[in-house]
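**Student:** Below is the file start.cif, which contains mmCIF, C-alpha atoms.
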```
data_data
#
loop_
_atom_site.label_atom_id
_atom_site.label_comp_id
_atom_site.auth_asym_id
_atom_site.auth_seq_id
_atom_site.Cartn_x
_atom_site.Cartn_y
_atom_site.Cartn_z
CA MET A 21 116.57 130.44 95.15
CA THR A 22 118.66 130.56 98.26
CA ALA A 23 117.10 127.44 99.70
CA LEU A 24 118.38 125.35 96.79
CA ALA A 25 121.99 126.34 97.24
CA ASP A 26 124.53 123.88 98.64
CA PRO A 27 122.82 122.00 101.46
CA PRO A 28 124.13 123.00 104.86
CA GLU A 29 126.13 120.58 106.87
CA HIS A 30 123.73 118.69 109.07
CA LYS A 31 124.58 119.03 112.74
CA PRO A 32 121.90 117.22 114.71
CA ALA A 33 121.36 118.15 118.31
CA PRO A 34 122.48 115.60 120.92
CA LEU A 35 119.77 113.00 121.39
CA PRO A 36 118.63 111.35 124.61
CA ALA A 37 120.16 107.91 125.16
CA ARG A 38 116.80 106.18 124.68
CA HIS A 39 116.59 107.57 121.13
CA LEU A 40 120.05 106.28 120.18
CA ARG A 41 119.58 102.77 121.61
CA ARG A 42 119.88 100.01 119.02
CA THR A 43 119.11 96.31 119.32
CA THR A 44 120.43 93.51 117.15
CA VAL A 45 117.79 90.92 116.24
CA ARG A 46 118.93 87.58 114.83
CA VAL A 47 116.47 85.69 112.61
CA ALA A 48 117.24 82.51 110.61
CA GLY A 49 120.99 83.07 110.61
CA GLY A 50 120.69 86.77 109.67
CA SER A 51 120.89 89.80 111.91
CA PHE A 52 119.04 93.11 111.82
CA ILE A 53 119.64 96.32 113.73
CA VAL A 54 116.42 97.65 115.27
CA ARG A 55 115.97 101.06 116.88
CA PRO A 56 113.34 100.53 119.60
CA TRP A 57 112.29 104.21 119.65
CA ALA A 58 111.77 104.43 115.87
CA THR A 59 110.06 101.04 115.84
CA GLY A 60 107.69 102.17 118.61
CA VAL A 61 106.86 105.36 116.71
CA GLY A 62 106.22 103.30 113.57
CA LEU A 63 103.83 101.01 115.45
CA VAL A 64 101.95 104.02 116.89
CA LEU A 65 101.66 105.55 113.41
CA ALA A 66 100.42 102.23 112.00
CA ALA A 67 97.80 101.96 114.75
CA LEU A 68 96.70 105.56 114.12
CA ALA A 69 96.40 104.84 110.38
CA VAL A 70 94.23 101.79 111.09
CA VAL A 71 91.93 103.83 113.37
CA LEU A 72 91.64 106.65 110.81
CA PHE A 73 91.01 104.06 108.08
CA ALA A 74 88.13 102.52 110.06
CA VAL A 75 86.65 105.93 110.89
CA SER A 76 86.95 106.95 107.23
CA ILE A 77 85.01 103.89 106.09
CA GLY A 78 82.31 104.51 108.69
CA THR A 79 81.85 108.18 107.75
CA SER A 80 79.10 108.42 105.15
CA ASP A 81 75.35 108.95 104.79
CA PHE A 82 75.06 105.53 106.48
CA PRO A 83 77.28 106.18 109.56
CA MET A 84 78.95 103.25 111.30
CA SER A 85 81.29 102.95 114.28
CA PRO A 86 84.82 101.54 113.81
CA ILE A 87 83.66 98.36 115.62
CA ASP A 88 80.83 97.95 113.12
CA VAL A 89 83.26 98.52 110.27
CA GLY A 90 85.52 95.77 111.62
CA ARG A 91 82.55 93.42 111.96
CA ILE A 92 81.43 94.08 108.38
CA LEU A 93 84.96 93.69 106.97
CA LEU A 94 85.21 90.31 108.73
CA GLY A 95 82.03 89.12 107.00
CA GLY A 96 79.37 89.91 109.60
CA GLY A 97 77.47 92.66 107.78
CA THR A 98 73.96 92.76 106.38
CA ARG A 99 73.36 93.13 102.65
CA ALA A 100 72.84 96.90 102.91
CA GLU A 101 75.96 97.32 105.08
CA ASN A 102 78.04 95.27 102.67
CA VAL A 103 76.92 97.42 99.74
CA VAL A 104 77.84 100.65 101.55
CA VAL A 105 81.19 99.39 102.82
CA PHE A 106 82.53 97.25 99.97
CA ASP A 107 81.11 99.16 96.99
CA THR A 108 81.60 102.76 98.16
CA GLN A 109 83.53 103.41 101.35
CA LEU A 110 86.26 100.77 101.31
CA PRO A 111 87.78 101.91 97.96
CA ILE A 112 87.92 105.51 99.22
CA GLY A 113 89.62 104.45 102.46
CA LEU A 114 92.10 102.21 100.63
CA VAL A 115 93.00 104.90 98.08
CA SER A 116 93.57 107.41 100.90
CA LEU A 117 95.75 104.92 102.77
CA LEU A 118 97.79 103.73 99.77
CA VAL A 119 98.21 107.11 98.07
CA GLY A 120 99.26 108.76 101.33
CA MET A 121 101.75 106.00 102.02
CA GLY A 122 103.12 106.14 98.48
CA LEU A 123 103.59 109.91 98.48
CA GLY A 124 105.19 109.87 101.92
CA MET A 125 107.58 107.08 101.04
CA SER A 126 108.59 108.56 97.67
CA GLY A 127 109.17 111.94 99.34
CA ALA A 128 111.49 110.35 101.90
CA LEU A 129 113.47 108.55 99.19
CA THR A 130 114.01 111.67 97.04
CA GLN A 131 114.93 113.76 100.09
CA VAL A 132 117.57 111.21 101.11
CA ILE A 133 119.04 110.99 97.58
CA ALA A 134 119.18 114.76 97.12
CA ARG A 135 120.11 115.36 100.77
CA ASN A 136 117.66 118.25 100.65
CA PRO A 137 114.29 118.40 102.51
CA LEU A 138 112.76 120.36 99.61
CA ALA A 139 113.53 117.64 97.03
CA THR A 140 110.14 115.94 96.74
CA PRO A 141 108.17 114.61 93.74
CA ASP A 142 106.23 117.91 93.81
CA MET A 143 109.42 119.94 93.43
CA LEU A 144 111.14 117.58 90.97
CA GLY A 145 108.37 117.84 88.37
CA ILE A 146 107.08 114.27 88.64
CA THR A 147 103.59 115.22 89.84
CA SER A 148 103.47 118.09 87.33
CA GLY A 149 104.24 115.67 84.50
CA ALA A 150 101.44 113.37 85.64
CA SER A 151 99.07 116.35 85.94
CA ALA A 152 99.90 117.60 82.43
CA ALA A 153 99.07 114.20 80.93
CA ALA A 154 95.85 113.97 82.98
CA VAL A 155 94.72 117.47 81.94
CA ALA A 156 95.36 116.59 78.28
CA VAL A 157 93.14 113.50 78.66
CA ILE A 158 90.36 115.37 80.51
CA ALA A 159 90.31 118.43 78.27
CA PHE A 160 91.22 116.96 74.87
CA GLY A 161 90.39 113.27 75.19
CA SER A 162 87.84 113.54 72.37
CA THR A 163 90.17 115.35 69.94
CA TRP A 164 93.95 115.27 69.52
CA ALA A 165 94.60 113.40 72.81
CA SER A 166 92.16 110.57 72.05
CA TRP A 167 95.05 108.09 71.71
CA LEU A 168 96.13 109.00 75.25
CA ALA A 169 92.55 108.87 76.55
CA ASP A 170 92.23 105.32 75.21
CA LEU A 171 94.87 104.27 77.76
CA GLY A 172 92.78 105.61 80.64
CA LEU A 173 93.35 108.56 82.95
CA ALA A 174 95.41 106.62 85.49
CA VAL A 175 97.76 105.11 82.90
CA ALA A 176 98.14 108.45 81.12
CA ALA A 177 99.06 110.20 84.38
CA MET A 178 101.54 107.47 85.21
CA LEU A 179 103.15 107.78 81.78
CA GLY A 180 103.39 111.55 82.20
CA GLY A 181 105.16 111.14 85.53
CA LEU A 182 107.54 108.51 84.18
CA LEU A 183 108.43 110.54 81.05
CA THR A 184 109.15 113.58 83.23
CA ALA A 185 111.33 111.49 85.51
CA THR A 186 113.23 110.12 82.51
CA ALA A 187 113.85 113.65 81.22
CA MET A 188 114.95 114.73 84.69
CA TYR A 189 117.36 111.78 84.96
CA VAL A 190 118.89 112.41 81.51
CA LEU A 191 119.33 116.14 82.16
CA THR A 192 120.77 115.47 85.62
CA TRP A 193 123.24 112.72 84.75
CA ARG A 194 126.87 113.81 84.63
CA LYS A 195 128.86 110.67 85.47
CA GLY A 196 126.44 110.29 88.38
CA ILE A 197 123.55 112.07 90.04
CA ASP A 198 124.49 115.43 91.47
CA PRO A 199 121.96 116.30 94.23
CA ILE A 200 122.07 120.04 93.55
CA ARG A 201 121.69 119.56 89.80
CA LEU A 202 118.83 117.12 90.44
CA VAL A 203 116.87 119.71 92.42
CA LEU A 204 117.55 122.56 89.97
CA VAL A 205 116.54 120.49 86.94
CA GLY A 206 113.43 119.31 88.81
CA VAL A 207 112.36 122.85 89.66
CA ALA A 208 112.86 123.94 86.03
CA LEU A 209 110.76 121.00 84.80
CA THR A 210 108.06 121.76 87.37
CA TRP A 211 107.59 125.34 86.23
CA GLY A 212 107.82 124.42 82.56
CA LEU A 213 105.10 121.79 82.97
CA GLN A 214 102.96 124.17 85.03
CA ALA A 215 103.06 126.53 82.07
CA VAL A 216 101.94 123.68 79.79
CA ILE A 217 99.03 122.87 82.14
CA ALA A 218 97.97 126.52 82.26
CA TYR A 219 98.05 126.71 78.46
CA LEU A 220 95.95 123.53 78.10
CA LEU A 221 93.35 124.90 80.54
CA THR A 222 93.03 128.10 78.52
CA ARG A 223 92.19 126.05 75.41
CA ALA A 224 89.54 123.82 77.06
CA ASN A 225 85.85 124.55 77.60
CA VAL A 226 84.43 125.47 81.02
CA ASP A 227 83.14 122.01 82.00
CA GLN A 228 86.43 120.36 81.11
CA VAL A 229 88.40 123.00 83.02
CA GLN A 230 86.29 122.46 86.14
CA ARG A 231 86.90 118.71 86.06
CA ALA A 232 90.61 119.17 85.39
CA GLN A 233 90.98 121.66 88.24
CA LEU A 234 89.41 119.19 90.68
CA TRP A 235 91.87 116.50 89.59
CA ILE A 236 94.85 118.89 89.82
CA VAL A 237 94.01 119.80 93.43
CA GLY A 238 93.93 116.12 94.40
CA SER A 239 90.88 114.27 95.68
CA VAL A 240 89.97 110.78 96.88
CA SER A 241 86.24 111.51 96.83
CA GLY A 242 84.38 109.01 94.67
CA ALA A 243 87.41 106.76 94.22
CA GLY A 244 86.56 103.26 92.98
CA TRP A 245 88.27 99.90 92.95
CA LYS A 246 90.08 100.79 89.69
CA ALA A 247 92.04 103.41 91.61
CA VAL A 248 93.01 100.94 94.35
CA TRP A 249 94.91 98.32 92.37
CA PRO A 250 97.77 100.39 90.79
CA PRO A 251 99.19 101.76 94.09
CA LEU A 252 98.60 98.42 95.83
CA ILE A 253 100.47 96.47 93.15
CA VAL A 254 103.38 98.94 93.08
CA LEU A 255 103.74 99.55 96.83
CA ILE A 256 104.34 95.91 97.83
CA PRO A 257 107.52 95.37 95.74
CA ALA A 258 108.63 98.96 96.44
CA ILE A 259 108.53 98.37 100.20
CA LEU A 260 110.50 95.14 99.80
CA ILE A 261 113.18 96.93 97.73
CA VAL A 262 113.39 99.75 100.27
CA LEU A 263 113.77 97.28 103.14
CA ALA A 264 116.49 95.40 101.23
CA GLN A 265 118.33 98.68 100.53
CA SER A 266 117.82 100.22 103.98
CA ARG A 267 121.49 99.93 104.97
CA ASN A 268 122.70 101.39 101.64
CA LEU A 269 120.12 104.15 101.93
CA SER A 270 121.43 105.19 105.35
CA ILE A 271 125.01 105.27 104.06
CA LEU A 272 123.93 107.14 100.91
CA SER A 273 122.61 109.98 103.05
CA LEU A 274 126.16 110.57 104.35
CA GLY A 275 127.57 111.49 100.92
CA GLU A 276 129.58 109.89 98.13
CA ASP A 277 132.90 109.98 99.97
CA VAL A 278 131.53 107.92 102.85
CA CYS A 279 129.86 105.54 100.37
CA ARG A 280 133.16 105.07 98.54
CA GLY A 281 135.00 104.47 101.80
CA LEU A 282 132.50 101.79 102.87
CA GLY A 283 132.48 100.09 99.47
CA ILE A 284 129.01 101.23 98.43
CA ARG A 285 128.51 102.08 94.73
CA ALA A 286 126.56 105.31 95.14
CA ASN A 287 125.39 105.81 91.55
CA PRO A 288 123.67 102.42 91.00
CA VAL A 289 122.06 102.58 94.45
CA SER A 290 120.88 106.17 93.84
CA ALA A 291 119.50 105.22 90.43
CA LEU A 292 117.59 102.23 91.84
CA ILE A 293 116.13 104.25 94.73
CA LEU A 294 115.21 107.13 92.41
CA ILE A 295 113.43 104.79 89.99
CA VAL A 296 111.43 103.29 92.89
CA ALA A 297 110.53 106.78 94.17
CA VAL A 298 109.42 107.97 90.74
CA ILE A 299 107.25 104.94 89.99
CA VAL A 300 105.57 105.05 93.42
CA ALA A 301 104.92 108.80 93.13
CA ALA A 302 103.58 108.58 89.55
CA VAL A 303 101.24 105.69 90.37
CA SER A 304 100.01 107.44 93.53
CA VAL A 305 99.28 110.61 91.58
CA SER A 306 97.50 108.63 88.88
CA SER A 307 95.00 107.34 91.49
CA ALA A 308 94.08 110.53 93.34
CA GLY A 309 95.78 113.47 91.67
CA PRO A 310 98.78 115.40 93.00
CA ILE A 311 97.73 115.82 96.65
CA ALA A 312 99.93 118.74 97.57
CA PHE A 313 102.71 118.74 100.16
CA VAL A 314 102.17 115.19 101.48
CA ALA A 315 105.52 114.13 100.03
CA LEU A 316 107.14 117.16 101.68
CA LEU A 317 105.42 117.03 105.08
CA ALA A 318 105.34 113.31 105.82
CA PRO A 319 109.13 112.65 105.76
CA GLN A 320 109.89 115.73 107.86
CA ILE A 321 107.23 114.89 110.47
CA ALA A 322 108.39 111.26 110.60
CA MET A 323 112.04 112.31 110.95
CA ARG A 324 111.22 114.52 113.93
CA LEU A 325 109.00 111.92 115.58
CA THR A 326 111.64 109.20 115.32
CA ARG A 327 114.47 111.65 116.15
CA ALA A 328 116.40 110.25 113.17
CA GLU A 329 119.05 112.07 111.14
CA VAL A 330 117.32 111.25 107.82
CA PRO A 331 113.65 110.47 107.08
CA GLY A 332 112.78 106.78 107.16
CA PRO A 333 110.74 105.68 104.11
CA ILE A 334 108.40 103.36 106.04
CA THR A 335 107.60 105.77 108.88
CA ALA A 336 107.25 108.57 106.31
CA GLY A 337 104.79 106.41 104.38
CA LEU A 338 102.74 105.73 107.51
CA THR A 339 102.76 109.46 108.31
CA GLY A 340 101.59 110.25 104.77
CA ALA A 341 98.75 107.74 105.12
CA CYS A 342 97.64 109.43 108.36
CA LEU A 343 97.81 112.87 106.71
CA VAL A 344 95.63 111.90 103.73
CA LEU A 345 93.14 109.89 105.81
CA GLY A 346 92.87 112.68 108.39
CA GLY A 347 92.60 115.39 105.73
CA ASP A 348 89.85 113.51 103.91
CA LEU A 349 87.95 113.05 107.18
CA LEU A 350 88.18 116.79 107.84
CA CYS A 351 86.78 117.51 104.39
CA ARG A 352 83.83 115.15 104.96
CA THR A 353 82.96 116.11 108.54
CA VAL A 354 84.07 119.67 109.37
CA LEU A 355 84.78 121.63 106.20
CA PRO A 356 82.18 122.63 103.59
CA ALA A 357 80.99 119.76 101.43
CA GLY A 358 82.82 119.11 98.20
CA LEU A 359 86.27 120.32 99.25
CA PRO A 360 89.03 117.96 98.04
CA VAL A 361 91.65 116.67 100.46
CA GLY A 362 94.35 118.54 98.52
CA VAL A 363 92.99 121.81 99.92
CA VAL A 364 93.63 120.65 103.50
CA THR A 365 97.15 119.38 102.81
CA ALA A 366 97.98 122.56 100.89
CA GLY A 367 96.73 124.66 103.81
CA ILE A 368 99.06 122.80 106.17
CA GLY A 369 101.93 122.44 103.72
CA GLY A 370 102.28 126.10 102.78
CA PRO A 371 103.35 127.29 106.25
CA ALA A 372 105.45 124.13 106.65
CA LEU A 373 107.34 124.92 103.43
CA ILE A 374 108.06 128.45 104.66
CA TYR A 375 109.28 127.03 107.99
CA LEU A 376 111.63 124.60 106.23
CA MET A 377 113.07 127.31 103.96
CA VAL A 378 113.67 129.60 106.93
CA GLN A 379 115.29 126.75 108.85
CA ILE A 380 117.58 125.87 105.92
CA ASN A 381 118.62 129.48 105.40
CA ARG A 382 119.29 129.85 109.13
CA LYS A 383 121.56 126.79 109.14
CA ALA A 384 123.33 127.98 105.98
CA SER A 385 124.09 131.35 107.58
CA VAL A 386 125.66 129.81 110.71
#
```
Could you write out this file's structure as structure tokens?

**Tutor:**
Amino acid sequence: MTALADPPEHKPAPLPARHLRRTTVRVAGGSFIVRPWATGVGLVLAALAVVLFAVSIGTSDFPMSPIDVGRILLGGGTRAENVVVFDTQLPIGLVSLLVGMGLGMSGALTQVIARNPLATPDMLGITSGASAAAVAVIAFGSTWASWLADLGLAVAAMLGGLLTATAMYVLTWRKGIDPIRLVLVGVALTWGLQAVIAYLLTRANVDQVQRAQLWIVGSVSGAGWKAVWPPLIVLIPAILIVLAQSRNLSILSLGEDVCRGLGIRANPVSALILIVAVIVAAVSVSSAGPIAFVALLAPQIAMRLTRAEVPGPITAGLTGACLVLGGDLLCRTVLPAGLPVGVVTAGIGGPALIYLMVQINRKASV
């Protein structure tokens, strides 16, 4: 595949002065560099995610305005309103928010490590590994995969993603992580696991296949509180690690030679970031299925909005949350009933993937 050849040298266009402005903030004896433009974009994305979250909770057979949703969440609802919001709508909104943020953040991390915009959990086989384990549980949970079914669908999917990531890491390691080898091994694992999923579906009965297909597409419809806790528990420490490694992550995107010159040990930092990305992606997939292209789209949209040279994990996560929340709202209000959110993201992501591949090939030919 031409797009997976050596990544072209990145030559960003000159940016307006307001985009390059940096401010040093000193807090408790420490100092942090803040980019006002990127920070402003992040705040706008966060506000948009909150609005979409409130609208998502209020969109049901018992419609409520965002103001009513806020009143109910703060404890001012009636008994009927509390049942609708806290038992049904709030888990769906939280899963959309957390899964979108997790997929967006993990996509940004893998793209920075591989220095390739196509290197996402979808392309590296992580979501395929989680899907293969989930399909085995759904289709054969009462027979040979009963031991896996006893763990639960979410745990099984997470184990599938982690085992795939371990295999990818072992096959990629050659005295370090080679970005090109990482992408090639990931693509090979993805297609191999897709073949396994297709084989499992051919051996299952019709009802099991229908349920498995819905999970594979990715859906937050009907999500309960059990699906909320895994991404919530994983995202909090993951965000803290990403913030602590933000400086190393920026230097890592410049290549090993620059890392060596600045005294950064590239391999341990890459391994730590990759482990964080894999765990966040696997847990996100275990809650809502592999919602397609969010991990690809969110970092690229965030990078263009912030006019940064590499995708920022936090802004990419906020963009991913907006994508999943907005896609789920479209499915529930405009599109035919029953469509999963993965259909919307796939419809947007397909043309975006073609655009990225054309852009990469164009840069490589210059």

**Student:** Just say which residues the PyMOL selection byres ((chain A and resi 207) around 10) picks in this file, as a ChimeraX atom specification.

**Tutor:** /A:24,139,142-145,188,201-206,208-213

**Student:** Go through A:Phe73, A:Tyr219, A:Phe313, A:Trp164 and flag the residue nearest A:Gly362, using all atoms listed in the file for the distances.

**Tutor:** A:Phe313

**Student:** Please define a box with edges along x, y and z of the file around all atoms of stretch 93-105 of chain A given in the file, extend it by 3 Å on each side, and return its centre and edge lengths in Å to one decimal, as AutoDock Vina command-line options.

**Tutor:**
```
--center_x 79.0 --center_y 94.9 --center_z 104.7 --size_x 18.4 --size_y 17.5 --size_z 15.9
```

**Student:** Evaluated on this file, the PyMOL selection byres ((chain A and resi 272) around 12) picks out some residues - which ones are they, written as JSON, numbers by chain?

**Tutor:** {"A": [129, 130, 131, 132, 133, 134, 135, 197, 199, 265, 266, 267, 268, 269, 270, 271, 273, 274, 275, 276, 277, 278, 279, 280, 281, 282, 283, 284, 285, 286, 287, 288, 289, 290, 291, 293, 330]}

**Student:** Could you state the separation of atom CA of A:Met125 and atom CA of A:Gln320 in Å, given to one decimal place?

**Tutor:**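 Atom CA of A:Met125 sits 11.3 Å away from atom CA of A:Gln320.
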
**Student:** Which residues, written as a PDB file with C-alpha atoms, in the frame of the given file, have at least one atom at most 12 Å from stretch 60-63 of chain A, with only C-alpha atoms counted and residues fewer than 3 positions away on the same chain left out?

**Tutor:**
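The result, written out as part_12.pdb:
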```
ATOM      1  CA  ARG A  38     116.800 106.180 124.680  1.00  0.00           C
ATOM      2  CA  HIS A  39     116.590 107.570 121.130  1.00  0.00           C
ATOM      3  CA  VAL A  54     116.420  97.650 115.270  1.00  0.00           C
ATOM      4  CA  ARG A  55     115.970 101.060 116.880  1.00  0.00           C
ATOM      5  CA  PRO A  56     113.340 100.530 119.600  1.00  0.00           C
ATOM      6  CA  TRP A  57     112.290 104.210 119.650  1.00  0.00           C
ATOM      7  CA  ALA A  66     100.420 102.230 112.000  1.00  0.00           C
ATOM      8  CA  ALA A  67      97.800 101.960 114.750  1.00  0.00           C
ATOM      9  CA  LEU A  68      96.700 105.560 114.120  1.00  0.00           C
ATOM     10  CA  ALA A  69      96.400 104.840 110.380  1.00  0.00           C
ATOM     11  CA  VAL A  70      94.230 101.790 111.090  1.00  0.00           C
ATOM     12  CA  ILE A 321     107.230 114.890 110.470  1.00  0.00           C
ATOM     13  CA  ALA A 322     108.390 111.260 110.600  1.00  0.00           C
ATOM     14  CA  MET A 323     112.040 112.310 110.950  1.00  0.00           C
ATOM     15  CA  ARG A 324     111.220 114.520 113.930  1.00  0.00           C
ATOM     16  CA  LEU A 325     109.000 111.920 115.580  1.00  0.00           C
ATOM     17  CA  THR A 326     111.640 109.200 115.320  1.00  0.00           C
ATOM     18  CA  ARG A 327     114.470 111.650 116.150  1.00  0.00           C
ATOM     19  CA  ALA A 328     116.400 110.250 113.170  1.00  0.00           C
ATOM     20  CA  GLY A 332     112.780 106.780 107.160  1.00  0.00           C
ATOM     21  CA  PRO A 333     110.740 105.680 104.110  1.00  0.00           C
ATOM     22  CA  ILE A 334     108.400 103.360 106.040  1.00  0.00           C
ATOM     23  CA  THR A 335     107.600 105.770 108.880  1.00  0.00           C
ATOM     24  CA  ALA A 336     107.250 108.570 106.310  1.00  0.00           C
ATOM     25  CA  GLY A 337     104.790 106.410 104.380  1.00  0.00           C
ATOM     26  CA  LEU A 338     102.740 105.730 107.510  1.00  0.00           C
ATOM     27  CA  THR A 339     102.760 109.460 108.310  1.00  0.00           C
ATOM     28  CA  CYS A 342      97.640 109.430 108.360  1.00  0.00           C
TER      29      CYS A 342
END
```

**Student:** At a cut-off of 10 Å around the point (107.0, 112.6, 97.3) (file coordinates), what residues fall inside when counting all atoms listed in the file? I'd like the answer as a PyMOL selection string.

**Tutor:** chain A and resi 120-131+138-144+146-147+297-298+300-302+304-305+310-319+336-337+340

**Student:** Rounded to one decimal place, report the atom CA of A:Gly238-atom CA of A:Val354 distance in Å.

**Tutor:**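 Atom-to-atom, atom CA of A:Gly238 to atom CA of A:Val354, that is 18.3 Å.
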
**Student:** Pick out the residues sitting within 7 Å of stretch 244-256 of chain A, and hand them over as a ChimeraX atom specification; count only C-alpha atoms, and ignore anything fewer than 3 positions along from it in its own chain.

**Tutor:** /A:111-112,114-115,118-119,122,259-260,300,303-304,307

**Student:** When you count all atoms listed in the file, which of these residues is closest to A:Val89: A:Ala185, A:Val105, A:Ala159, A:Leu294?

**Tutor:**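 Using all atoms listed in the file, the shortest distance to A:Val89 belongs to A:Val105.
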
**Student:** Using only C-alpha atoms, can you list as a VMD selection string the residues within 12 Å of (89.3, 114.6, 95.9)?

**Tutor:** chain A and resid 112 115 to 116 119 231 to 243 305 307 to 312 344 to 345 347 to 349 351 to 352 357 to 365

**Student:** Name the closest residue to A:Leu179 among the candidates A:Val71, A:Ala372, A:Ile299, A:Ile158; distances are taken between atoms, counting only C-alpha atoms.

**Tutor:**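 Going through A:Val71, A:Ala372, A:Ile299, A:Ile158 one by one, the smallest distance to A:Leu179 is for A:Ile299.
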
**Student:** Please measure the separation of atom CA of A:Gly96 and atom CA of A:Phe82, giving the value in Å to one decimal.

**Tutor:**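 Value for the atom CA of A:Gly96-atom CA of A:Phe82 distance: 16.5 Å.
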
**Student:** Leaving out A:Ala169 and any residue of its chain fewer than 5 positions from it, which residues lie within 12 Å of it when counting all atoms listed in the file, given as a PyMOL selection string?

**Tutor:** chain A and resi 153-164+174-177+179

**Student:** Let's have the selection written as a compact mmCIF listing (two decimals), in the frame of the given file, with C-alpha atoms.

**Tutor:**
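The result, stored in selection_36.txt:
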```txt
# COMPACT_ATOMS: atom_id res chain seq x y z
CA ALA A 153 99.07 114.20 80.93
CA ALA A 154 95.85 113.97 82.98
CA VAL A 155 94.72 117.47 81.94
CA ALA A 156 95.36 116.59 78.28
CA VAL A 157 93.14 113.50 78.66
CA ILE A 158 90.36 115.37 80.51
CA ALA A 159 90.31 118.43 78.27
CA PHE A 160 91.22 116.96 74.87
CA GLY A 161 90.39 113.27 75.19
CA SER A 162 87.84 113.54 72.37
CA THR A 163 90.17 115.35 69.94
CA TRP A 164 93.95 115.27 69.52
CA ALA A 174 95.41 106.62 85.49
CA VAL A 175 97.76 105.11 82.90
CA ALA A 176 98.14 108.45 81.12
CA ALA A 177 99.06 110.20 84.38
CA LEU A 179 103.15 107.78 81.78
```

**Student:** Return the single residue from A:Pro257, A:Gly346, A:Gly180, A:Pro137 that is closest to A:Ala74, with distances computed using all atoms listed in the file.

**Tutor:**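 Residue with the minimum atom-to-atom distance to A:Ala74: A:Gly346.
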